[in-house]
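What follows is one structure encoded as structure tokens, with my remarks underneath.
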Amino acid sequence: MISNLIVAIGAVIPLFFLMLIGVAVKKMRLLTELELAHVNRMVFKIFFFFMMFYNIYTTDIAETFRPHLILFGALGVLASAVIGGIVICLIEKSNKRRGAMIQAIFRSNFVIMGIPIISNIFGDDQLAIPTMMIAIIVPMYNIISVFILETFRGGHFDVWGILRNVLKNPMILGAILGFALLLLGIPLPKVILKPISQIAAATTPIALIILGASFKAGTYHEHLPQLIGCICGRLLIVPAIMLSLAIFLGFRGIELVTLMAIFATPCAVAGFAMAQQMGSDADLAGNCVVYTTGLSCFTIFGWVFVLKTLGMF
């Protein structure tokens, strides 16, 4: 029991320590809002690109390619969006809130919060499998989110425009380039690969610090029931259903923890920006990000502890 507790603590504490550093950076005013936005953009466009490239380029595809995991993860995300959408449409009458709520329930912060959890449990050298999942899950998040937000805004769903934007995503570009060089057998000299590996290693700490520095708690009184519903759906209901099904189907070890990182992590930061840009309830979306991230300190600890106690990894 004590060893399981230590594993759970070790998976969560490093994440929130880095986020607390970010909160301290904000309190000390070491970065202005404009500087913070520029650093955040740099992390997204440069650091995530090299992280994806390095993790895929240095992996053994035959060892890490798991079609059953990819299928379950993709269908799970789609099912969360569809079922969540049906439930939200039954209980919420405002179209402006519907899009933000559905996105909050199905779209997780898999890259920034999920990958570090896997790293803390299994080590940095075991990130090839979850990195492969990023190349599948992130495009799905973007496509489904645009479809949902456009639907409830009454806009036009531009399939080709969405696909173009997905292909411009730095993480997807990094994955494509990594796959291409790996499949073609093109070796990179150590003098090039070493700085790329250093950038990849720095990505998660910097992203978590920036996430902590970006927190802004807004007013929640106008949408408290909706906020509570989104928090429960994102942190408790979706992971309970999806992880139970995953265990029933035989997923264990790093595969199960990867699924936990997809389905049990808090709302994606990008969800707030998309809600803001596409006419959804940005205040509700922003509060979903802030409060699910804060409360996930306890819920992720709980999921890790339960799975470890059950001997699932």
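Please note that chains go A, B, ... in the order of the structure tokens, that every chain numbers its residues from 1, and that ligands are numbered from 1 in the order shown.
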Which neighbours of range 39-52 of chain A fall inside 8 Å, counting only C-alpha atoms, when residues of the same chain fewer than 4 positions from it are skipped, and could you give them as an NGL selection string? :A and (35 or 56 or 131 or 169-175 or 178 or 196-197 or 199-203 or 206-207 or 210)
Residues of range 108-156 of chain A that approach range 98-104 of chain A to 9 Å or less, counting only C-alpha atoms: could you list each one with the shortest pair of atoms and its distance in Å to one decimal, rows by chain and increasing residue number, as JSON lines?
```
{"residue": "A:Ser108", "atom": "CA", "partner": "A:Ala104", "partner_atom": "CA", "distance": 7.5}
{"residue": "A:Tyr141", "atom": "CA", "partner": "A:Gln103", "partner_atom": "CA", "distance": 8.7}
{"residue": "A:Ile144", "atom": "CA", "partner": "A:Gln103", "partner_atom": "CA", "distance": 8.5}
{"residue": "A:Ser145", "atom": "CA", "partner": "A:Gln103", "partner_atom": "CA", "distance": 6.1}
{"residue": "A:Ile148", "atom": "CA", "partner": "A:Gly99", "partner_atom": "CA", "distance": 5.8}
{"residue": "A:Leu149", "atom": "CA", "partner": "A:Gly99", "partner_atom": "CA", "distance": 5.0}
{"residue": "A:Glu150", "atom": "CA", "partner": "A:Gly99", "partner_atom": "CA", "distance": 8.3}
{"residue": "A:Thr151", "atom": "CA", "partner": "A:Gly99", "partner_atom": "CA", "distance": 8.0}
{"residue": "A:Phe152", "atom": "CA", "partner": "A:Gly99", "partner_atom": "CA", "distance": 6.0}
{"residue": "A:Arg153", "atom": "CA", "partner": "A:Gly99", "partner_atom": "CA", "distance": 8.1}
```
Selected residues, N, CA, C and O atoms, written as a compact mmCIF listing (two decimals), in the first residue's frame, please.
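Saved as again37.txt:
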```txt
# COMPACT_ATOMS: atom_id res chain seq x y z
N SER A 108 -9.00 16.61 -23.48
CA SER A 108 -8.11 16.67 -22.32
C SER A 108 -6.78 17.34 -22.65
O SER A 108 -6.44 17.54 -23.81
N TYR A 141 -8.89 15.86 -31.63
CA TYR A 141 -9.37 16.93 -30.76
C TYR A 141 -9.70 18.18 -31.57
O TYR A 141 -10.76 18.80 -31.39
N ILE A 144 -12.83 17.54 -34.08
CA ILE A 144 -14.11 17.40 -33.38
C ILE A 144 -14.51 18.71 -32.71
O ILE A 144 -15.68 19.10 -32.71
N SER A 145 -13.53 19.42 -32.12
CA SER A 145 -13.83 20.69 -31.46
C SER A 145 -14.38 21.72 -32.44
O SER A 145 -15.37 22.40 -32.14
N ILE A 148 -17.97 20.77 -33.38
CA ILE A 148 -18.92 21.05 -32.30
C ILE A 148 -19.17 22.54 -32.15
O ILE A 148 -20.32 23.00 -32.09
N LEU A 149 -18.10 23.32 -32.08
CA LEU A 149 -18.24 24.76 -31.86
C LEU A 149 -18.93 25.44 -33.05
O LEU A 149 -19.75 26.35 -32.87
N GLU A 150 -18.62 24.99 -34.26
CA GLU A 150 -19.28 25.55 -35.44
C GLU A 150 -20.77 25.16 -35.47
O GLU A 150 -21.62 25.96 -35.86
N THR A 151 -21.07 23.95 -35.06
CA THR A 151 -22.46 23.48 -35.05
C THR A 151 -23.32 24.35 -34.14
O THR A 151 -24.42 24.78 -34.53
N PHE A 152 -22.84 24.63 -32.95
CA PHE A 152 -23.65 25.40 -32.00
C PHE A 152 -23.53 26.90 -32.22
O PHE A 152 -24.30 27.67 -31.64
N ARG A 153 -22.60 27.32 -33.05
CA ARG A 153 -22.55 28.73 -33.45
C ARG A 153 -23.43 28.94 -34.68
O ARG A 153 -23.81 30.06 -35.01
```
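Comparing A:Asn55, A:Ser280, A:Ser94, A:Ser214 by their smallest distance to Ala24 in chain A, the closest is A:Ser214 (using only C-alpha atoms).
Of the residues under consideration (A:Ala282, A:Val7, A:Ala79, A:Leu245), A:Val7 shows the shortest atom-to-atom contact distance to Gly302 in chain A when counting only C-alpha atoms.
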Which residues are close to Phe122 in chain A, i.e. within 10 Å by only C-alpha atoms, leaving aside same-chain residues fewer than 2 positions away? Reply as an MDAnalysis selection string. chainID A and resid 11 116:120 124:127 253:254 257 313
Using N, CA and C atoms, can you export the residues from the last selection as an mmCIF file, in the first residue's frame?
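Writing the result to again_19.cif gives the following:
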```cif
data_model
loop_
_atom_site.group_PDB
_atom_site.id
_atom_site.type_symbol
_atom_site.label_atom_id
_atom_site.label_comp_id
_atom_site.auth_asym_id
_atom_site.auth_seq_id
_atom_site.Cartn_x
_atom_site.Cartn_y
_atom_site.Cartn_z
ATOM 1 N N ALA A 11 3.966 10.487 -9.333
ATOM 2 C CA ALA A 11 3.416 10.792 -10.657
ATOM 3 C C ALA A 11 2.839 12.199 -10.718
ATOM 4 N N PRO A 116 3.828 14.049 -19.087
ATOM 5 C CA PRO A 116 4.672 14.060 -17.879
ATOM 6 C C PRO A 116 4.297 12.991 -16.859
ATOM 7 N N ILE A 117 3.011 12.680 -16.738
ATOM 8 C CA ILE A 117 2.593 11.632 -15.799
ATOM 9 C C ILE A 117 3.205 10.296 -16.204
ATOM 10 N N ILE A 118 3.117 9.990 -17.494
ATOM 11 C CA ILE A 118 3.690 8.735 -17.996
ATOM 12 C C ILE A 118 5.202 8.717 -17.771
ATOM 13 N N SER A 119 5.840 9.857 -18.024
ATOM 14 C CA SER A 119 7.287 9.971 -17.822
ATOM 15 C C SER A 119 7.658 9.768 -16.361
ATOM 16 N N ASN A 120 6.890 10.348 -15.452
ATOM 17 C CA ASN A 120 7.179 10.221 -14.022
ATOM 18 C C ASN A 120 7.031 8.788 -13.525
ATOM 19 N N ASP A 124 11.600 8.668 -18.978
ATOM 20 C CA ASP A 124 11.602 9.374 -20.261
ATOM 21 C C ASP A 124 11.848 8.453 -21.446
ATOM 22 N N ASP A 125 12.515 7.327 -21.215
ATOM 23 C CA ASP A 125 12.836 6.429 -22.321
ATOM 24 C C ASP A 125 11.649 5.563 -22.752
ATOM 25 N N GLN A 126 10.499 5.739 -22.080
ATOM 26 C CA GLN A 126 9.312 4.944 -22.413
ATOM 27 C C GLN A 126 8.196 5.783 -23.036
ATOM 28 N N LEU A 127 8.566 6.929 -23.602
ATOM 29 C CA LEU A 127 7.545 7.851 -24.098
ATOM 30 C C LEU A 127 7.167 7.631 -25.564
ATOM 31 N N GLY A 253 -0.309 -1.955 -17.998
ATOM 32 C CA GLY A 253 0.997 -1.311 -18.085
ATOM 33 C C GLY A 253 0.940 0.073 -18.700
ATOM 34 N N ILE A 254 1.931 0.359 -19.536
ATOM 35 C CA ILE A 254 2.048 1.698 -20.114
ATOM 36 C C ILE A 254 0.880 2.011 -21.051
ATOM 37 N N VAL A 257 -1.879 3.282 -18.720
ATOM 38 C CA VAL A 257 -1.525 4.606 -18.185
ATOM 39 C C VAL A 257 -1.606 5.664 -19.288
ATOM 40 N N PHE A 313 -0.457 -1.813 -13.496
ATOM 41 C CA PHE A 313 0.836 -1.448 -14.091
ATOM 42 C C PHE A 313 1.942 -1.620 -13.055
#
```
Those in range 92-274 of chain A with alpha helix (DSSP H) from DSSP, as an MDAnalysis selection string: chainID A and resid 95:106 115:122 128:153 159:168 170:184 190:213 224:232 238:248 253:263 269:274
Would you write out, as JSON lines, a table of all residues in range 227-246 of chain A that have an atom no more than 10 Å from an atom of range 303-307 of chain A, listing for each the closest atom pair and the distance in Å to one decimal, considering only C-alpha atoms and ordering rows by chain and rising residue number?
```
{"residue": "A:Leu235", "atom": "CA", "partner": "A:Trp303", "partner_atom": "CA", "distance": 9.7}
{"residue": "A:Leu236", "atom": "CA", "partner": "A:Trp303", "partner_atom": "CA", "distance": 9.3}
{"residue": "A:Pro239", "atom": "CA", "partner": "A:Trp303", "partner_atom": "CA", "distance": 8.5}
{"residue": "A:Ala240", "atom": "CA", "partner": "A:Trp303", "partner_atom": "CA", "distance": 8.9}
{"residue": "A:Leu243", "atom": "CA", "partner": "A:Leu307", "partner_atom": "CA", "distance": 9.3}
```
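One distance worth recording is that between CA of Ala81 in chain A and CA of Arg234 in chain A, which is 11.2 Å.
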Using only C-alpha atoms, determine which residues lie at most 9 Å from Gln226 in chain A, disregarding the query and same-chain residues fewer than 4 positions distant; provide the list as an NGL selection string. :A and (92 or 97 or 101 or 230-231 or 284)
Shell of 9 Å around Leu5 in chain A, only C-alpha atoms, local chain residues under 2 positions omitted, as a list in words: Met1, Ile2, Ser3, Val7, Ala8, Ile9, Gly10, Phe301, Val304, Phe305, Lys308 and Thr309 of chain A
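Across A:Leu90, A:Met242, A:Ile134, A:Ala180, the tightest approach to Phe106 in chain A is made by A:Met242 when counting only C-alpha atoms.
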Give me the residues within 9 Å of Val25 in chain A as a PDB file with N, CA and C atoms, in the first residue's frame, counting only C-alpha atoms and dropping any in the same chain fewer than 6 places off.
```pdb
ATOM      1  N   LEU A  31       7.344  38.011 -15.885  1.00  0.00           N
ATOM      2  CA  LEU A  31       6.916  38.068 -17.284  1.00  0.00           C
ATOM      3  C   LEU A  31       5.625  38.867 -17.370  1.00  0.00           C
ATOM      4  N   ILE A 209       5.436  25.200 -16.502  1.00  0.00           N
ATOM      5  CA  ILE A 209       5.681  26.488 -15.842  1.00  0.00           C
ATOM      6  C   ILE A 209       4.826  27.579 -16.485  1.00  0.00           C
ATOM      7  N   ILE A 210       4.771  27.585 -17.808  1.00  0.00           N
ATOM      8  CA  ILE A 210       3.954  28.574 -18.518  1.00  0.00           C
ATOM      9  C   ILE A 210       2.476  28.363 -18.209  1.00  0.00           C
ATOM     10  N   GLY A 212       1.229  27.200 -15.408  1.00  0.00           N
ATOM     11  CA  GLY A 212       1.011  27.760 -14.074  1.00  0.00           C
ATOM     12  C   GLY A 212       0.957  29.272 -14.089  1.00  0.00           C
ATOM     13  N   ALA A 213       1.811  29.889 -14.893  1.00  0.00           N
ATOM     14  CA  ALA A 213       1.850  31.353 -14.967  1.00  0.00           C
ATOM     15  C   ALA A 213       0.652  31.927 -15.720  1.00  0.00           C
TER      16      ALA A 213
END
```
Show me, as a list of chain:residue names, the residues that have an atom within 9 Å of Leu227 in chain A when counting only C-alpha atoms, minus same-chain residues fewer than 2 positions from it. A:Met101, A:Tyr220, A:His223, A:Leu224, A:Pro225, A:Gly229, A:Cys230, A:Ile231, A:Cys232, A:Leu284, A:Ala285, A:Asn287, A:Cys288, A:Tyr291
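Closest approach to Pro14 in chain A among A:Gly123, A:Pro67, A:Pro205, A:Pro189 is made by A:Pro205 (distances from only C-alpha atoms).
Considering the residues A:Met28, A:Ala270, A:Leu78, A:Ile121 and counting only C-alpha atoms, Thr258 in chain A has its shortest atom-to-atom contact with A:Ile121.
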